Every structure is written in structure tokens, then in C-alpha cells.
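Below is one structure; the comments refer to it alone.
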Amino acid sequence: MSTTRRIVLPPTHDVETVPFADGEEAWFWFSRCQLMRMDGARFIAGMVETPRPCDPDDVYRAVMDIYRQRLIENPHLQVLGAYGEKLTPPDEYAREEQRDVPLWKEALERLGDALQKKGIVQCQKR
């Protein structure tokens, strides 16, 4: 008789999730998840310290949605990708990064608005 070990995960529908503060926090979370995926990590719902109201792919889909709606363009995507990979925003005081700052801010503002409508980012006061 072989003994099979069963893993029982907690139900995810009863878990209270924590929305992101803004688009930047959501983007860096997505970026970290992508870097871990490239290293071979797999994500399992409910197996995280801070449960989020979405999957990493939801953030990616939101970026692609705002791109398709022409709210951001290719330069925005390039800046998001480059600084997402570095896990740091562009430095407005670094001469070589100054051009990227407005693109970064604009892209993340639009992403934050899109994610807020989906309940992924908490409501922002403007």
C-alpha cells in the first residue's frame, strides 16, 4: 500500500486581497513575477504572503489594453519594459534617463486608471 500525500490549498474566494497603491506598484509586482517566471518559478493562487486582487497576467493585459486603445505608444512600452526589468523607476537626475521620466509617469498613470476600474489599484485621490 502506497501512501500518497495530498496537498489541500485554502479556498481563494475567502481570502481578503490587498489592492495595489498605484500603477507603479502593480507594474513592479508584475515585473518581479516575470523575472521569477524566467527563473523557473510557478505561481499558485493562494500561496502568497500578500494576496492580490489579480494575477500577474492581468497587469500585462491591462497594459496591452491601454496600448491598443492608443493611450500609450511604443516608447511607453519600451520604458516600462526597461525599468521593469531593472525594478527601479527612471532617475530624473540621471542625464541618460531624463527623457524616460515623462513616458514612465504617463504610462503608469494610465495603467493605474485602468487597474483602478478593475479594483486592482485602490481609489486614488487627485
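Scheme for the C-alpha cells: letters A, B, ... for chains in order shown; per-chain residue numbers from 1; ligand numbers from 1 in order shown.
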Exercise. Could you please write out, as a ChimeraX atom specification, every residue of chain A that DSSP assigns to alpha helix (DSSP H)?
Key: /A:23-38,56-68,74-86,100-117
Between A:Val18, A:Leu87, A:Ile120, A:Ala107, smallest distance to Glu49 in chain A by only C-alpha atoms belongs to A:Val18
Of A:Arg61, A:Pro51, A:Val79, A:Glu96, the one nearest to Leu108 in chain A when counting only C-alpha atoms is A:Val79
Students should find that CA of Ile66 in chain A and CA of Pro102 in chain A are spaced 16.7 Å
Under the rule that only C-alpha atoms are counted, which of A:Arg110, A:Thr17, A:Phe28, A:Leu115 is the nearest residue to Gln69 in chain A?
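Going through A:Arg110, A:Thr17, A:Phe28, A:Leu115 one by one, the smallest distance to Gln69 in chain A is for A:Arg110.
From CA of Pro56 in chain A back to CA of Cys33 in chain A, the distance works out to 6.7 Å.
The coordinates place CA of Asp57 in chain A at 13.5 Å from CA of Leu111 in chain A.
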